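Next comes my_file.json, a file with JSON, C-alpha atoms.
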```
[["chain", "number", "residue", "atom", "x", "y", "z"],
["A", 1, "MET", "CA", 144.94, 76.59, 28.94],
["A", 2, "PRO", "CA", 144.39, 79.30, 26.31],
["A", 3, "ILE", "CA", 142.83, 82.65, 27.14],
["A", 4, "TYR", "CA", 142.21, 85.41, 24.60],
["A", 5, "PHE", "CA", 141.18, 89.04, 25.01],
["A", 6, "ASN", "CA", 139.29, 91.58, 22.91],
["A", 7, "LEU", "CA", 138.30, 89.33, 20.01],
["A", 8, "SER", "CA", 136.51, 92.22, 18.32],
["A", 9, "SER", "CA", 135.85, 95.93, 18.71],
["A", 10, "HIS", "CA", 134.01, 97.09, 21.82],
["A", 11, "GLU", "CA", 132.15, 99.48, 19.50],
["A", 12, "LEU", "CA", 130.04, 96.56, 18.25],
["A", 13, "PRO", "CA", 126.69, 95.93, 20.00],
["A", 14, "LEU", "CA", 128.11, 92.87, 21.79],
["A", 15, "ALA", "CA", 131.70, 91.67, 21.90],
["A", 16, "VAL", "CA", 133.86, 89.07, 23.62],
["A", 17, "ASP", "CA", 136.06, 90.75, 26.21],
["A", 18, "SER", "CA", 137.82, 87.51, 27.18],
["A", 19, "ILE", "CA", 137.38, 83.82, 26.45],
["A", 20, "GLY", "CA", 139.13, 80.59, 27.40],
["A", 21, "ASN", "CA", 138.75, 76.82, 27.56],
["A", 22, "HIS", "CA", 140.43, 73.71, 29.00],
["A", 23, "TRP", "CA", 141.28, 75.79, 32.07],
["A", 24, "ASN", "CA", 142.66, 73.97, 35.12],
["A", 25, "GLN", "CA", 140.56, 76.08, 37.41],
["A", 26, "GLU", "CA", 142.13, 77.45, 40.55],
["A", 27, "SER", "CA", 140.21, 78.85, 43.50],
["A", 28, "ILE", "CA", 139.04, 82.42, 42.87],
["A", 29, "SER", "CA", 137.68, 85.06, 45.25],
["A", 30, "ARG", "CA", 136.23, 88.31, 43.89],
["A", 31, "PRO", "CA", 134.79, 90.35, 46.78],
["A", 32, "ASP", "CA", 133.98, 93.18, 44.35],
["A", 33, "GLY", "CA", 132.83, 90.93, 41.53],
["A", 34, "TYR", "CA", 133.94, 91.17, 37.89],
["A", 35, "PRO", "CA", 133.34, 94.26, 35.72],
["A", 36, "HIS", "CA", 131.57, 92.36, 32.89],
["A", 37, "TYR", "CA", 128.90, 89.69, 32.54],
["A", 38, "HIS", "CA", 130.86, 86.48, 33.10],
["A", 39, "TRP", "CA", 129.93, 82.93, 32.05],
["A", 40, "LEU", "CA", 131.74, 80.06, 33.82],
["A", 41, "GLN", "CA", 131.10, 76.41, 32.88],
["A", 42, "THR", "CA", 132.48, 73.06, 33.97],
["A", 43, "GLU", "CA", 134.14, 70.96, 31.28],
["A", 44, "ARG", "CA", 135.35, 68.16, 33.56],
["A", 45, "GLY", "CA", 135.07, 67.43, 37.27],
["A", 46, "SER", "CA", 132.91, 69.71, 39.39],
["A", 47, "GLY", "CA", 133.15, 72.90, 41.37],
["A", 48, "GLU", "CA", 131.26, 75.04, 43.80],
["A", 49, "ILE", "CA", 130.53, 78.73, 43.43],
["A", 50, "ILE", "CA", 129.32, 81.00, 46.21],
["A", 51, "ILE", "CA", 127.28, 84.05, 45.16],
["A", 52, "ASP", "CA", 125.35, 86.26, 47.59],
["A", 53, "LYS", "CA", 126.09, 83.65, 50.28],
["A", 54, "GLU", "CA", 124.30, 81.01, 48.17],
["A", 55, "GLN", "CA", 126.18, 77.85, 47.21],
["A", 56, "LEU", "CA", 125.79, 76.54, 43.68],
["A", 57, "ARG", "CA", 127.34, 73.30, 42.42],
["A", 58, "LEU", "CA", 128.66, 73.18, 38.88],
["A", 59, "PRO", "CA", 128.86, 69.58, 37.66],
["A", 60, "GLU", "CA", 130.00, 68.76, 34.14],
["A", 61, "GLY", "CA", 127.94, 70.59, 31.52],
["A", 62, "LYS", "CA", 126.54, 73.19, 33.88],
["A", 63, "GLY", "CA", 127.45, 76.87, 33.85],
["A", 64, "VAL", "CA", 126.45, 80.13, 35.45],
["A", 65, "LEU", "CA", 126.20, 83.69, 34.16],
["A", 66, "ILE", "CA", 127.21, 86.25, 36.79],
["A", 67, "ALA", "CA", 126.21, 89.90, 36.50],
["A", 68, "PRO", "CA", 128.87, 92.65, 36.78],
["A", 69, "PHE", "CA", 130.19, 93.55, 40.23],
["A", 70, "VAL", "CA", 128.39, 90.73, 42.04],
["A", 71, "PRO", "CA", 130.72, 89.37, 44.76],
["A", 72, "HIS", "CA", 131.52, 85.70, 44.31],
["A", 73, "SER", "CA", 134.09, 82.99, 44.85],
["A", 74, "TYR", "CA", 134.56, 79.49, 43.50],
["A", 75, "HIS", "CA", 136.68, 76.41, 43.95],
["A", 76, "GLY", "CA", 136.87, 72.83, 42.72],
["A", 77, "ASP", "CA", 135.58, 70.03, 44.90],
["A", 78, "ARG", "CA", 137.65, 67.42, 43.09],
["A", 79, "PRO", "CA", 141.41, 67.37, 42.48],
["A", 80, "GLU", "CA", 140.95, 68.55, 38.89],
["A", 81, "TRP", "CA", 138.28, 71.00, 37.86],
["A", 82, "THR", "CA", 138.43, 72.06, 34.21],
["A", 83, "THR", "CA", 136.36, 75.01, 33.02],
["A", 84, "CYS", "CA", 135.64, 77.23, 30.05],
["A", 85, "PHE", "CA", 134.49, 80.83, 30.26],
["A", 86, "VAL", "CA", 133.58, 83.95, 28.33],
["A", 87, "THR", "CA", 133.03, 87.57, 29.36],
["A", 88, "PHE", "CA", 131.00, 90.08, 27.36],
["A", 89, "SER", "CA", 131.47, 93.74, 26.47],
["A", 90, "GLY", "CA", 130.24, 96.02, 23.68],
["A", 91, "LYS", "CA", 128.02, 99.06, 23.28],
["A", 92, "LEU", "CA", 124.95, 97.14, 24.47],
["A", 93, "ALA", "CA", 126.69, 95.44, 27.40],
["A", 94, "ALA", "CA", 124.62, 97.50, 29.84],
["A", 95, "ASP", "CA", 121.47, 96.01, 28.28],
["A", 96, "ILE", "CA", 122.45, 92.35, 28.74],
["A", 97, "GLY", "CA", 120.22, 92.25, 31.79],
["A", 98, "THR", "CA", 117.27, 92.98, 29.51],
["A", 99, "ILE", "CA", 118.20, 89.97, 27.36],
["A", 100, "VAL", "CA", 118.74, 87.43, 30.12],
["A", 101, "GLY", "CA", 116.62, 88.82, 32.97],
["A", 102, "HIS", "CA", 117.74, 91.20, 35.68],
["A", 103, "GLU", "CA", 119.24, 88.63, 38.02],
["A", 104, "ARG", "CA", 122.56, 88.60, 39.81],
["A", 105, "PHE", "CA", 123.32, 85.11, 38.53],
["A", 106, "ILE", "CA", 121.67, 82.59, 36.20],
["A", 107, "PRO", "CA", 122.54, 78.87, 36.14],
["A", 108, "ALA", "CA", 122.02, 77.01, 32.85],
["A", 109, "MET", "CA", 122.68, 73.55, 31.44],
["A", 110, "GLU", "CA", 124.04, 72.21, 28.18],
["A", 111, "SER", "CA", 121.34, 70.81, 25.91],
["A", 112, "ALA", "CA", 120.88, 69.25, 22.49],
["A", 113, "ALA", "CA", 119.46, 72.59, 21.36],
["A", 114, "PHE", "CA", 122.58, 74.61, 22.16],
["A", 115, "SER", "CA", 126.07, 73.87, 23.48],
["A", 116, "PHE", "CA", 127.66, 76.75, 25.39],
["A", 117, "ARG", "CA", 130.95, 74.88, 25.49],
["A", 118, "GLY", "CA", 130.73, 74.16, 21.76],
["A", 119, "TRP", "CA", 130.21, 77.87, 21.04],
["A", 120, "ILE", "CA", 133.24, 78.78, 23.16],
["A", 121, "ASP", "CA", 135.42, 76.10, 21.51],
["A", 122, "GLY", "CA", 134.28, 77.17, 18.03],
["A", 123, "THR", "CA", 134.87, 80.86, 18.72],
["A", 124, "ILE", "CA", 138.39, 80.17, 19.99],
["A", 125, "SER", "CA", 139.11, 77.96, 16.96],
["A", 126, "LEU", "CA", 138.02, 80.72, 14.55],
["A", 127, "HIS", "CA", 140.11, 83.28, 16.42],
["A", 128, "ARG", "CA", 143.24, 81.08, 16.39],
["A", 129, "THR", "CA", 142.96, 80.58, 12.63],
["A", 130, "GLN", "CA", 142.23, 84.31, 12.10],
["A", 131, "ARG", "CA", 138.82, 83.59, 10.60],
["A", 132, "THR", "CA", 136.76, 85.60, 13.06],
["A", 133, "ASP", "CA", 134.00, 87.70, 11.51],
["A", 134, "PRO", "CA", 133.40, 90.55, 14.03],
["A", 135, "LEU", "CA", 129.77, 91.08, 12.99],
["A", 136, "GLN", "CA", 128.96, 87.37, 13.16],
["A", 137, "LEU", "CA", 130.68, 87.17, 16.53],
["A", 138, "SER", "CA", 128.46, 89.99, 17.82],
["A", 139, "VAL", "CA", 125.39, 88.11, 16.61],
["A", 140, "GLY", "CA", 126.79, 84.95, 18.19],
["A", 141, "CYS", "CA", 127.13, 86.69, 21.56],
["A", 142, "TYR", "CA", 123.45, 87.62, 21.38],
["A", 143, "ALA", "CA", 122.50, 84.01, 20.54],
["A", 144, "PHE", "CA", 124.64, 82.73, 23.42],
["A", 145, "LEU", "CA", 122.90, 85.03, 25.89],
["A", 146, "MET", "CA", 119.44, 84.24, 24.54],
["A", 147, "ASN", "CA", 120.12, 80.54, 25.03],
["A", 148, "ILE", "CA", 121.18, 81.15, 28.63],
["A", 149, "ASN", "CA", 117.76, 82.71, 29.09],
["A", 150, "GLY", "CA", 116.07, 79.75, 27.39],
["A", 151, "LEU", "CA", 118.07, 76.96, 29.06],
["A", 152, "ARG", "CA", 118.30, 78.30, 32.59],
["A", 153, "ASP", "CA", 118.18, 75.66, 35.30],
["A", 154, "TYR", "CA", 114.92, 76.38, 37.10],
["A", 155, "ARG", "CA", 115.64, 73.75, 39.75],
["A", 156, "GLU", "CA", 117.95, 76.23, 41.47],
["A", 157, "TYR", "CA", 115.28, 78.87, 41.97],
["A", 158, "PRO", "CA", 113.06, 77.53, 44.80],
["A", 159, "ALA", "CA", 115.87, 78.30, 47.26],
["A", 160, "ARG", "CA", 116.16, 81.93, 46.13],
["A", 161, "PRO", "CA", 114.70, 84.54, 48.58],
["A", 162, "LEU", "CA", 112.79, 86.53, 45.93],
["A", 163, "TYR", "CA", 111.26, 83.35, 44.56],
["A", 164, "GLN", "CA", 110.18, 82.19, 48.00],
["A", 165, "ARG", "CA", 108.81, 85.58, 49.04],
["A", 166, "TYR", "CA", 106.91, 86.58, 45.91],
["A", 167, "VAL", "CA", 106.76, 83.94, 43.17],
["A", 168, "ALA", "CA", 106.03, 80.78, 45.17],
["A", 169, "PRO", "CA", 102.98, 82.24, 47.01],
["A", 170, "VAL", "CA", 101.54, 83.54, 43.74],
["A", 171, "ILE", "CA", 102.00, 80.17, 42.04],
["A", 172, "LYS", "CA", 100.19, 78.54, 44.95],
["A", 173, "GLU", "CA", 97.39, 81.11, 44.63],
["A", 174, "ILE", "CA", 97.07, 80.39, 40.90],
["A", 175, "GLU", "CA", 97.03, 76.62, 41.41],
["A", 176, "THR", "CA", 94.47, 76.90, 44.20],
["A", 177, "ASN", "CA", 92.11, 79.34, 42.47],
["A", 178, "TYR", "CA", 92.68, 78.63, 38.76],
["A", 179, "HIS", "CA", 88.92, 78.07, 38.31],
["A", 180, "ARG", "CA", 88.17, 81.63, 39.43],
["A", 181, "ASP", "CA", 88.48, 84.90, 37.53],
["A", 182, "ILE", "CA", 91.84, 86.01, 38.95],
["A", 183, "THR", "CA", 93.87, 88.94, 37.64],
["A", 184, "VAL", "CA", 97.54, 89.86, 37.75],
["A", 185, "GLN", "CA", 96.59, 92.85, 39.89],
["A", 186, "SER", "CA", 94.86, 90.65, 42.47],
["A", 187, "LEU", "CA", 97.81, 88.26, 42.51],
["A", 188, "ALA", "CA", 100.24, 91.15, 43.01],
["A", 189, "ASN", "CA", 98.08, 92.43, 45.85],
["A", 190, "THR", "CA", 98.49, 89.14, 47.72],
["A", 191, "VAL", "CA", 102.26, 89.71, 47.99],
["A", 192, "TYR", "CA", 102.08, 93.53, 48.24],
["A", 193, "ILE", "CA", 104.01, 94.42, 45.09],
["A", 194, "SER", "CA", 103.08, 96.01, 41.77],
["A", 195, "PRO", "CA", 101.84, 93.87, 38.84],
["A", 196, "GLN", "CA", 104.79, 95.10, 36.78],
["A", 197, "TYR", "CA", 107.34, 93.93, 39.35],
["A", 198, "LEU", "CA", 105.56, 90.60, 39.77],
["A", 199, "SER", "CA", 105.67, 89.97, 36.01],
["A", 200, "ARG", "CA", 109.34, 90.90, 35.99],
["A", 201, "LEU", "CA", 110.02, 88.31, 38.68],
["A", 202, "PHE", "CA", 108.03, 85.69, 36.75],
["A", 203, "ARG", "CA", 110.07, 86.43, 33.61],
["A", 204, "CYS", "CA", 113.32, 86.16, 35.58],
["A", 205, "PHE", "CA", 112.48, 82.88, 37.28],
["A", 206, "LEU", "CA", 110.04, 81.19, 34.90],
["A", 207, "GLY", "CA", 110.74, 82.79, 31.54],
["A", 208, "CYS", "CA", 107.23, 84.19, 31.05],
["A", 209, "SER", "CA", 104.94, 86.91, 32.39],
["A", 210, "THR", "CA", 102.50, 86.34, 35.25],
["A", 211, "TYR", "CA", 99.59, 86.58, 32.81],
["A", 212, "ARG", "CA", 101.10, 83.99, 30.45],
["A", 213, "TYR", "CA", 101.86, 81.61, 33.32]]
```

What does the file become when written as structure tokens?
Amino acid sequence: MPIYFNLSSHELPLAVDSIGNHWNQESISRPDGYPHYHWLQTERGSGEIIIDKEQLRLPEGKGVLIAPFVPHSYHGDRPEWTTCFVTFSGKLAADIGTIVGHERFIPAMESAAFSFRGWIDGTISLHRTQRTDPLQLSVGCYAFLMNINGLRDYREYPARPLYQRYVAPVIKEIETNYHRDITVQSLANTVYISPQYLSRLFRCFLGCSTYRY
């Protein structure tokens, strides 16, 4: 159950603050959250994580990125729950929300396009053999975060309050009136928010602006 800290300088744009794999995961409760963006992924078995009073299951291959200082807890729902994880720091750590979307947590799945677990395993292997290139690691952190944004698990979102309150009604409005000349402003008016905020919500939940959708 290896865990490593400070793989490169925090003066780089993005850096790995801590990283580990093959972790026999114990139950964790963080009422004040964690001070860095934190990715947790199931390697084997399955677990349950509770964030903002929402329950999220993490079967094999699924992970979740949790924003700093977001209260959460998690536990395994099988006798053995094995996980891998990575936390991010660096000069641009405060801007990670801009990369992934300003959400308190983002679930994402492994895919043929990118393996989060493979990146963690490879990064640990390079570190153990003292072959880590700090600049390449910083670039790798950015790629990891971009792929979270691209591979997020949208199936989780319909249960989210912001999605239900703002995004779902607008999607229904678009699907009902697609043949009419509708604007982002008119759509925003239907849910009483600004067009800018509506587009931000669309980017967070659907990965594109309201106009593009």

### Query
Which of these, A:Leu145, A:Val64, A:Leu137, A:Leu187, has the shortest distance to Gly97 in chain A once you count all atoms listed in the file?
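Using all atoms listed in the file, Gly97 in chain A sits closest to A:Leu145.
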
### Summary
Of A:Leu135, A:Ile50, A:Ala143, A:Ala15, the one sitting nearest Ser115 in chain A when using only C-alpha atoms is A:Ala143

### Message
As an exercise, work out the distance from CA of Arg128 in chain A to CA of Ile3 in chain A in Å and give it to one decimal place.
### Response
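Separation between CA of Arg128 in chain A and CA of Ile3 in chain A: 10.9 Å.
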
### Task
Choose the residue, out of A:Tyr178, A:Gln25, A:Gly150, A:Thr190, that has the smallest atom-to-atom separation from Gly101 in chain A; count all atoms listed in the file.
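The answer is A:Gly150, which sits nearest to Gly101 in chain A.
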
### Message
If we draw a sphere of 6 Å around (139.6, 73.5, 43.1), which residues have at least one atom in it when counting all atoms listed in the file? Please report them as a PyMOL selection string.
### Response
chain A and resi 26-27+75-77+81

### Query
Closest to Leu198 in chain A among A:Val184, A:Met146, A:Ala67, A:Ala94, using only C-alpha atoms?
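Closest candidate: A:Val184.
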
### Summary
Separating CA of Val70 in chain A from CA of Pro35 in chain A, to the nearest tenth of an Å, is a gap of 8.8 Å
